[in-house]
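J.: My structure file upload_28.pdb, PDB, C-alpha atoms, is below:
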```pdb
ATOM      1  CA  LEU K   1      60.522 -81.333   7.185
ATOM      2  CA  TRP K   2      64.026 -81.366   5.775
ATOM      3  CA  ALA K   3      63.426 -84.898   4.451
ATOM      4  CA  LEU K   4      60.184 -83.749   2.825
ATOM      5  CA  ALA K   5      61.959 -80.801   1.219
ATOM      6  CA  PHE K   6      64.789 -83.030  -0.027
ATOM      7  CA  VAL K   7      62.536 -85.720  -1.516
ATOM      8  CA  SER K   8      60.013 -83.303  -3.047
ATOM      9  CA  THR K   9      62.791 -81.246  -4.664
ATOM     10  CA  LEU K  10      64.357 -84.356  -6.213
ATOM     11  CA  ALA K  11      61.025 -85.730  -7.392
ATOM     12  CA  LEU K  12      59.197 -82.564  -8.466
ATOM     13  CA  GLY K  13      61.886 -80.027  -9.172
ATOM     14  CA  VAL K  14      63.046 -76.936  -7.341
ATOM     15  CA  GLN K  15      59.918 -74.766  -7.586
ATOM     16  CA  LEU K  16      57.387 -77.465  -6.736
ATOM     17  CA  GLY K  17      59.725 -78.852  -4.075
ATOM     18  CA  ILE K  18      59.886 -75.459  -2.347
ATOM     19  CA  ALA K  19      56.097 -75.118  -2.563
ATOM     20  CA  VAL K  20      55.577 -78.542  -0.962
ATOM     21  CA  SER K  21      58.101 -77.697   1.770
ATOM     22  CA  VAL K  22      56.388 -74.400   2.578
ATOM     23  CA  GLY K  23      53.002 -76.114   2.644
ATOM     24  CA  GLY K  24      54.324 -78.799   4.976
ATOM     25  CA  SER K  25      55.805 -76.198   7.312
ATOM     26  CA  MET K  26      52.518 -74.320   7.467
ATOM     27  CA  LEU K  27      50.653 -77.555   8.211
ATOM     28  CA  VAL K  28      53.000 -78.329  11.107
ATOM     29  CA  ILE K  29      52.476 -74.821  12.540
ATOM     30  CA  VAL K  30      48.704 -75.217  12.316
ATOM     31  CA  LEU K  31      48.809 -78.635  13.996
ATOM     32  CA  HIS K  32      50.993 -77.286  16.815
ATOM     33  CA  SER K  33      48.617 -74.382  17.387
ATOM     34  CA  MET K  34      45.661 -76.779  17.544
ATOM     35  CA  ARG K  35      47.280 -79.015  20.192
ATOM     36  CA  PRO K  36      49.845 -76.883  22.031
ATOM     37  CA  HIS K  37      51.848 -77.928  25.052
ATOM     38  CA  HIS K  38      50.206 -77.814  28.452
ATOM     39  CA  ALA K  39      51.215 -78.998  31.902
ATOM     40  CA  VAL K  40      50.140 -79.342  35.504
ATOM     41  CA  LEU K  41      52.556 -77.463  37.750
ATOM     42  CA  GLY K  42      53.819 -77.984  41.262
ATOM     43  CA  ARG K  43      56.300 -76.188  43.471
ATOM     44  CA  VAL K  44      59.733 -77.792  43.647
ATOM     45  CA  PRO K  45      60.458 -78.439  47.366
ATOM     46  CA  GLY K  46      62.791 -75.925  48.946
ATOM     47  CA  THR K  47      62.267 -73.354  46.194
ATOM     48  CA  ALA K  48      59.672 -70.864  44.963
ATOM     49  CA  VAL K  49      59.864 -72.357  41.456
ATOM     50  CA  TYR K  50      56.901 -74.069  39.794
ATOM     51  CA  ARG K  51      57.603 -76.780  37.233
ATOM     52  CA  SER K  52      55.738 -79.502  35.346
ATOM     53  CA  ARG K  53      54.877 -82.397  37.623
ATOM     54  CA  ARG K  54      55.484 -84.791  34.772
ATOM     55  CA  LEU K  55      59.111 -83.660  34.473
ATOM     56  CA  TYR K  56      59.605 -82.999  38.188
ATOM     57  CA  PRO K  57      57.804 -85.788  40.098
ATOM     58  CA  GLU K  58      58.889 -84.283  43.416
ATOM     59  CA  ALA K  59      56.993 -81.027  42.694
ATOM     60  CA  ARG K  60      53.829 -80.591  44.726
ATOM     61  CA  SER K  61      50.649 -78.624  44.023
ATOM     62  CA  PRO K  62      48.895 -76.733  46.825
ATOM     63  CA  ASN K  63      46.615 -78.912  48.925
ATOM     64  CA  ARG K  64      43.402 -79.869  47.060
ATOM     65  CA  SER K  65      44.411 -77.590  44.187
ATOM     66  CA  LEU K  66      45.485 -77.986  40.571
ATOM     67  CA  ILE K  67      47.703 -75.546  38.625
ATOM     68  CA  PHE K  68      47.131 -75.822  34.870
ATOM     69  CA  ARG K  69      49.523 -74.053  32.478
ATOM     70  CA  TRP K  70      48.698 -73.451  28.810
ATOM     71  CA  ASP K  71      51.597 -72.519  26.537
ATOM     72  CA  ALA K  72      49.884 -70.889  23.563
ATOM     73  CA  SER K  73      47.173 -68.474  22.554
ATOM     74  CA  ILE K  74      43.634 -69.808  22.957
ATOM     75  CA  HIS K  75      41.496 -69.604  19.832
ATOM     76  CA  PHE K  76      38.742 -71.365  17.912
ATOM     77  CA  ALA K  77      41.073 -74.150  16.732
ATOM     78  CA  ASN K  78      42.233 -75.232  20.200
ATOM     79  CA  ALA K  79      39.525 -74.029  22.621
ATOM     80  CA  ASP K  80      37.949 -77.487  22.811
ATOM     81  CA  HIS K  81      41.369 -79.076  23.334
ATOM     82  CA  PHE K  82      42.020 -76.631  26.187
ATOM     83  CA  ARG K  83      38.820 -77.640  27.940
ATOM     84  CA  ASP K  84      39.277 -81.359  27.295
ATOM     85  CA  SER K  85      42.869 -81.266  28.581
ATOM     86  CA  LEU K  86      41.878 -79.431  31.749
ATOM     87  CA  MET K  87      38.978 -81.787  32.408
ATOM     88  CA  ALA K  88      41.242 -84.807  31.915
ATOM     89  CA  HIS K  89      43.419 -83.574  34.779
ATOM     90  CA  ILE K  90      40.439 -82.687  36.955
ATOM     91  CA  ARG K  91      39.130 -86.234  36.508
ATOM     92  CA  SER K  92      42.244 -87.524  38.239
ATOM     93  CA  TYR K  93      40.926 -85.928  41.428
ATOM     94  CA  ALA K  94      37.609 -87.825  41.243
ATOM     95  CA  THR K  95      38.295 -89.725  44.466
ATOM     96  CA  ALA K  96      36.256 -87.437  46.695
ATOM     97  CA  ARG K  97      35.363 -88.759  50.131
ATOM     98  CA  THR K  98      32.723 -87.859  52.639
ATOM     99  CA  PRO K  99      33.632 -86.801  56.216
ATOM    100  CA  THR K 100      32.885 -90.417  57.247
ATOM    101  CA  GLY K 101      35.642 -91.647  54.942
ATOM    102  CA  ARG K 102      33.357 -93.402  52.452
ATOM    103  CA  ALA K 103      33.936 -92.724  48.770
ATOM    104  CA  THR K 104      31.309 -90.620  47.032
ATOM    105  CA  ALA K 105      30.170 -90.841  43.433
ATOM    106  CA  ALA K 106      32.940 -89.370  41.311
ATOM    107  CA  PRO K 107      31.840 -86.216  39.445
ATOM    108  CA  PHE K 108      33.894 -87.327  36.435
ATOM    109  CA  PRO K 109      34.536 -90.797  35.018
ATOM    110  CA  PRO K 110      38.110 -92.167  35.370
ATOM    111  CA  SER K 111      40.529 -91.127  32.685
ATOM    112  CA  ALA K 112      43.911 -92.340  31.523
ATOM    113  CA  GLU K 113      44.735 -88.995  29.916
ATOM    114  CA  ALA K 114      46.528 -87.666  33.007
ATOM    115  CA  PRO K 115      48.672 -90.524  34.366
ATOM    116  CA  SER K 116      51.147 -88.125  35.956
ATOM    117  CA  LEU K 117      48.446 -87.038  38.404
ATOM    118  CA  SER K 118      47.223 -90.443  39.485
ATOM    119  CA  ARG K 119      48.469 -89.626  42.985
ATOM    120  CA  ALA K 120      47.835 -85.893  42.847
ATOM    121  CA  SER K 121      45.344 -85.999  45.686
ATOM    122  CA  GLU K 122      47.407 -88.032  48.161
ATOM    123  CA  THR K 123      44.813 -87.618  50.917
ATOM    124  CA  GLY K 124      41.906 -88.779  48.760
ATOM    125  CA  ALA K 125      40.316 -85.351  49.228
ATOM    126  CA  PRO K 126      38.164 -83.634  46.589
ATOM    127  CA  LEU K 127      39.539 -80.885  44.402
ATOM    128  CA  HIS K 128      38.649 -77.386  45.622
ATOM    129  CA  VAL K 129      40.700 -74.954  43.516
ATOM    130  CA  VAL K 130      41.889 -74.792  39.892
ATOM    131  CA  ILE K 131      44.529 -72.190  38.966
ATOM    132  CA  LEU K 132      44.872 -71.299  35.274
ATOM    133  CA  GLU K 133      48.454 -70.140  34.694
ATOM    134  CA  PHE K 134      48.233 -67.947  31.580
ATOM    135  CA  GLY K 135      51.821 -66.691  31.366
ATOM    136  CA  GLY K 136      52.218 -68.377  27.973
ATOM    137  CA  VAL K 137      48.923 -67.096  26.530
ATOM    138  CA  ASN K 138      49.360 -64.149  24.163
ATOM    139  CA  ASN K 139      45.796 -63.815  22.907
ATOM    140  CA  VAL K 140      42.265 -65.149  23.346
ATOM    141  CA  ASP K 141      39.602 -64.875  20.673
ATOM    142  CA  THR K 142      35.815 -64.753  20.991
ATOM    143  CA  THR K 143      35.400 -68.533  20.849
ATOM    144  CA  ALA K 144      37.954 -68.960  23.631
ATOM    145  CA  LEU K 145      36.261 -66.313  25.769
ATOM    146  CA  ARG K 146      32.915 -68.066  25.388
ATOM    147  CA  MET K 147      34.519 -71.382  26.352
ATOM    148  CA  LEU K 148      36.182 -69.831  29.428
ATOM    149  CA  CYS K 149      32.888 -68.297  30.590
ATOM    150  CA  ASP K 150      31.138 -71.655  30.201
ATOM    151  CA  LEU K 151      34.014 -73.289  32.081
ATOM    152  CA  ALA K 152      33.695 -70.791  34.945
ATOM    153  CA  ARG K 153      29.982 -71.558  35.265
ATOM    154  CA  GLU K 154      30.610 -75.306  35.221
ATOM    155  CA  MET K 155      33.339 -75.064  37.874
ATOM    156  CA  ASP K 156      31.021 -72.985  40.050
ATOM    157  CA  GLN K 157      28.292 -75.618  39.750
ATOM    158  CA  ARG K 158      30.782 -78.298  40.803
ATOM    159  CA  GLY K 159      31.939 -76.277  43.809
ATOM    160  CA  ILE K 160      35.432 -75.659  42.397
ATOM    161  CA  THR K 161      36.962 -72.193  42.695
ATOM    162  CA  LEU K 162      38.626 -70.985  39.474
ATOM    163  CA  ILE K 163      41.641 -68.646  39.720
ATOM    164  CA  VAL K 164      43.630 -66.992  36.918
ATOM    165  CA  SER K 165      47.261 -65.922  37.242
ATOM    166  CA  SER K 166      50.113 -64.413  35.219
ATOM    167  CA  CYS K 167      47.960 -62.865  32.471
ATOM    168  CA  LYS K 168      49.624 -60.521  30.012
ATOM    169  CA  SER K 169      48.039 -57.067  29.876
ATOM    170  CA  GLN K 170      46.272 -57.599  26.536
ATOM    171  CA  VAL K 171      44.897 -60.965  27.652
ATOM    172  CA  ARG K 172      43.723 -59.573  30.978
ATOM    173  CA  HIS K 173      42.012 -56.712  29.140
ATOM    174  CA  ARG K 174      40.060 -59.121  26.942
ATOM    175  CA  LEU K 175      39.158 -61.353  29.893
ATOM    176  CA  LYS K 176      37.912 -58.334  31.807
ATOM    177  CA  LYS K 177      35.987 -56.908  28.849
ATOM    178  CA  SER K 178      34.241 -60.240  28.240
ATOM    179  CA  GLY K 179      33.073 -60.405  31.859
ATOM    180  CA  PHE K 180      35.104 -63.536  32.620
ATOM    181  CA  LEU K 181      37.088 -61.906  35.437
ATOM    182  CA  ALA K 182      33.872 -60.541  36.938
ATOM    183  CA  MET K 183      32.481 -64.079  36.978
ATOM    184  CA  LEU K 184      35.525 -65.286  38.909
ATOM    185  CA  GLY K 185      35.400 -62.440  41.416
ATOM    186  CA  GLU K 186      37.767 -59.583  42.181
ATOM    187  CA  ALA K 187      39.950 -61.722  44.460
ATOM    188  CA  ASN K 188      40.447 -64.582  41.996
ATOM    189  CA  HIS K 189      43.011 -63.216  39.543
ATOM    190  CA  PHE K 190      46.670 -62.576  40.335
ATOM    191  CA  ALA K 191      49.733 -61.239  38.550
ATOM    192  CA  ARG K 192      52.023 -63.865  40.114
ATOM    193  CA  LEU K 193      51.548 -67.607  40.358
ATOM    194  CA  SER K 194      53.070 -67.715  43.844
ATOM    195  CA  GLU K 195      50.381 -65.333  45.108
ATOM    196  CA  ALA K 196      47.636 -67.410  43.467
ATOM    197  CA  ALA K 197      49.009 -70.598  45.053
ATOM    198  CA  LYS K 198      49.130 -68.950  48.479
ATOM    199  CA  TYR K 199      45.551 -67.777  48.066
ATOM    200  CA  ALA K 200      44.504 -71.308  47.036
ATOM    201  CA  GLU K 201      45.984 -72.687  50.254
ATOM    202  CA  LEU K 202      44.024 -70.157  52.301
ATOM    203  CA  LEU K 203      40.832 -70.976  50.398
ATOM    204  CA  VAL K 204      41.253 -74.681  51.128
ATOM    205  CA  GLN K 205      41.746 -73.925  54.810
ATOM    206  CA  ALA K 206      38.481 -71.989  54.753
ATOM    207  CA  PHE K 207      36.716 -74.846  52.936
ATOM    208  CA  GLU K 208      37.965 -77.291  55.555
ATOM    209  CA  GLY K 209      36.627 -75.132  58.380
ATOM    210  CA  GLU K 210      40.025 -74.398  59.994
ATOM    211  CA  GLN K 211      40.886 -76.381  63.137
ATOM    212  CA  PRO K 212      38.448 -78.693  64.954
ATOM    213  CA  GLY K 213      38.722 -76.599  68.103
ATOM    214  CA  ALA K 214      37.121 -73.449  66.684
ATOM    215  CA  GLN K 215      35.305 -71.248  69.187
ATOM    216  CA  SER K 216      32.474 -68.748  68.996
ATOM    217  CA  ASP K 217      32.794 -65.101  69.978
ATOM    218  CA  ALA K 218      31.619 -66.074  73.475
ATOM    219  CA  GLY K 219      34.428 -68.607  73.757
ATOM    220  CA  GLU K 220      32.165 -71.629  73.400
ATOM    221  CA  PRO K 221      33.255 -74.584  71.212
ATOM    222  CA  VAL K 222      31.706 -74.560  67.735
ATOM    223  CA  PRO K 223      30.790 -78.075  66.541
ATOM    224  CA  VAL K 224      31.800 -79.280  63.105
ATOM    225  CA  GLY K 225      29.123 -78.380  60.528
ATOM    226  CA  ASP K 226      27.890 -75.339  62.455
ATOM    227  CA  PRO K 227      27.430 -72.352  60.061
ATOM    228  CA  ARG K 228      29.347 -70.168  62.526
ATOM    229  CA  ARG K 229      32.459 -72.235  61.811
ATOM    230  CA  LYS K 230      32.348 -71.399  58.099
ATOM    231  CA  ARG K 231      31.742 -67.689  58.780
ATOM    232  CA  SER K 232      34.670 -67.692  61.182
ATOM    233  CA  SER K 233      36.867 -69.409  58.590
ATOM    234  CA  TRP K 234      36.039 -66.895  55.857
ATOM    235  CA  SER K 235      36.633 -63.989  58.251
ATOM    236  CA  LYS K 236      40.050 -65.369  59.081
ATOM    237  CA  LEU K 237      40.771 -65.874  55.378
ATOM    238  CA  SER K 238      39.836 -62.267  54.590
ATOM    239  CA  MET K 239      42.047 -60.880  57.352
ATOM    240  CA  ARG K 240      44.983 -63.107  56.393
ATOM    241  CA  MET K 241      44.747 -62.136  52.735
ATOM    242  CA  GLU K 242      44.592 -58.426  53.587
ATOM    243  CA  ARG K 243      47.661 -58.770  55.767
ATOM    244  CA  HIS K 244      49.457 -60.819  53.095
ATOM    245  CA  ILE K 245      48.719 -58.238  50.368
ATOM    246  CA  LEU K 246      49.916 -55.384  52.585
ATOM    247  CA  GLU K 247      53.173 -57.254  53.199
ATOM    248  CA  THR K 248      53.834 -58.130  49.557
ATOM    249  CA  GLY K 249      52.378 -55.126  47.734
ATOM    250  CA  ASP K 250      49.683 -54.891  45.072
ATOM    251  CA  ARG K 251      49.234 -58.336  43.520
ATOM    252  CA  ARG K 252      48.169 -56.835  40.178
TER     253      ARG K 252
END
```
Show how you would write the structure in this file as structure tokens.

T.:
Amino acid sequence: LWALAFVSTLALGVQLGIAVSVGGSMLVIVLHSMRPHHAVLGRVPGTAVYRSRRLYPEARSPNRSLIFRWDASIHFANADHFRDSLMAHIRSYATARTPTGRATAAPFPPSAEAPSLSRASETGAPLHVVILEFGGVNNVDTTALRMLCDLAREMDQRGITLIVSSCKSQVRHRLKKSGFLAMLGEANHFARLSEAAKYAELLVQAFEGEQPGAQSDAGEPVPVGDPRRKRSSWSKLSMRMERHILETGDRR
């Protein structure tokens, strides 16, 4: 920008040079707002800190989960970019496998847009949870709200649980008023990312059916795939989350 200001002032004069410089600055701001920074986060080992996995390769996301951070307001000019960026990272998990170990048809085609996550699912397991970290989002407009509602429906159809964390009060108010939070469910939005990540881990444990040696109320072994195993897993998840919330205080 300084080079543009210098050249335009020499070539066009002071007034026109200033006008060109101001116009160039405004164009840069618009372009930045259309394609803002975003990152996939992971917890740095030995700490409670979450950082970009591209900058901190040692950081790890919760098992079978993805934490997506967006560092700008979401509006009509960048709503599509938000969705495309998130989907590019989700595609990196398209290595789902069946219980027999054979690869299934990937729900998304391969993508080179998220090279930092090429090994995100080290176990070759399908993605179960997506956490949207909205600490950097200051506002969402109507177009963004419509996109988020469509995204929630699509994730539900694909069997992926969507969680929102770290919303500012005005953003949370708009998400609630639009019905987006109701679509996610009362338990799927948190004030702190650490709480959302802990909840994601518990959800994955419930998806996986807990330990192979699960037993019924009568003490009999419950075979893998039995509906009682899933009910038992969700009951354990509910009790663990209630205990965790009582220990840490109100998550909102």

J.: Spell out the residues picked by the PyMOL selection byres ((chain K and resi 73) around 10) here, as a PyMOL selection string.

T.: chain K and resi 33-34+36+70-72+74-75+78-79+134+136-141+144+171

J.: Evaluated on this file, the PyMOL selection byres ((chain K and resi 186) around 12) picks out some residues - which ones are they, written as a list in words?

T.: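 What the PyMOL selection byres ((chain K and resi 186) around 12) grabs from the file is Leu162, Ile163, Val164, Lys176, Gly179, Phe180, Leu181, Ala182, Met183, Leu184, Gly185, Ala187, Asn188, His189, Phe190, Arg251 and Arg252 of chain K.
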
J.: Using all atoms listed in the file, can you tell me which of K:Lys168, K:His38, K:Arg51, K:Arg153 comes closest to Ala191 in chain K?

T.: K:Lys168

J.: Would you give the centre and edge lengths, in Å to one decimal, of a box along x, y and z around the listed atoms of range 135-145 of chain K, with 8 Å added to each side, as JSON?

T.:
```
{"center_x": 43.8, "center_y": -66.4, "center_z": 26.0, "size_x": 32.8, "size_y": 21.1, "size_z": 26.7}
```

J.: Mind checking which residues fall within 9 Å of Thr142 in chain K, counting all atoms listed in the file, ignoring those fewer than 4 positions away in the same chain, and posting them as a PyMOL selection string?

T.: chain K and resi 75-76+146-147+178

J.: The selected residues should be written to file as a PDB file, keeping the file's coordinate frame (atoms: C-alpha atoms).

T.:
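Wrote it out as part.pdb, contents follow:
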```
ATOM      1  CA  HIS K  75      41.496 -69.604  19.832  1.00  0.00           C
ATOM      2  CA  PHE K  76      38.742 -71.365  17.912  1.00  0.00           C
ATOM      3  CA  ARG K 146      32.915 -68.066  25.388  1.00  0.00           C
ATOM      4  CA  MET K 147      34.519 -71.382  26.352  1.00  0.00           C
ATOM      5  CA  SER K 178      34.241 -60.240  28.240  1.00  0.00           C
TER       6      SER K 178
END
```

J.: My list of candidates is K:Leu41, K:Val204, K:Val14, K:Ala77. Which is closest to Pro126 in chain K when distances are computed with all atoms listed in the file?

T.: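 Checking each candidate against Pro126 in chain K, we get K:Val204 as the closest.
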
J.: Please compute the CA of Val129 in chain K-CA of Cys167 in chain K distance, one decimal, in Å.

T.: 17.9 Å

J.: Please enumerate the residues selected by the PyMOL selection byres ((chain K and resi 52-68) around 6) when evaluated against the supplied file, formatted as a list in words.

T.: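 For this structure, the PyMOL selection byres ((chain K and resi 52-68) around 6) captures Ala39, Val40, Leu41, Gly42, Arg43, Val44, Arg51, Arg69, Ser116, Leu127, His128, Val129, Val130, Ile131, Leu132 and Glu133 of chain K.
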
J.: Deliver the residues from the most recent selection as a file, using C-alpha atoms, as an mmCIF file, in the frame of the given file.

T.:
```cif
data_model
loop_
_atom_site.group_PDB
_atom_site.id
_atom_site.type_symbol
_atom_site.label_atom_id
_atom_site.label_comp_id
_atom_site.auth_asym_id
_atom_site.auth_seq_id
_atom_site.Cartn_x
_atom_site.Cartn_y
_atom_site.Cartn_z
ATOM 1 C CA ALA K 39 51.215 -78.998 31.902
ATOM 2 C CA VAL K 40 50.140 -79.342 35.504
ATOM 3 C CA LEU K 41 52.556 -77.463 37.750
ATOM 4 C CA GLY K 42 53.819 -77.984 41.262
ATOM 5 C CA ARG K 43 56.300 -76.188 43.471
ATOM 6 C CA VAL K 44 59.733 -77.792 43.647
ATOM 7 C CA ARG K 51 57.603 -76.780 37.233
ATOM 8 C CA ARG K 69 49.523 -74.053 32.478
ATOM 9 C CA SER K 116 51.147 -88.125 35.956
ATOM 10 C CA LEU K 127 39.539 -80.885 44.402
ATOM 11 C CA HIS K 128 38.649 -77.386 45.622
ATOM 12 C CA VAL K 129 40.700 -74.954 43.516
ATOM 13 C CA VAL K 130 41.889 -74.792 39.892
ATOM 14 C CA ILE K 131 44.529 -72.190 38.966
ATOM 15 C CA LEU K 132 44.872 -71.299 35.274
ATOM 16 C CA GLU K 133 48.454 -70.140 34.694
#
```

J.: Using only C-alpha atoms, pick whichever of K:Asp84, K:Ala19, K:Ser8, K:Phe207 has the shortest atom-to-atom distance to Gly159 in chain K.

T.: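 Nearest candidate to Gly159 in chain K out of K:Asp84, K:Ala19, K:Ser8, K:Phe207: K:Phe207.
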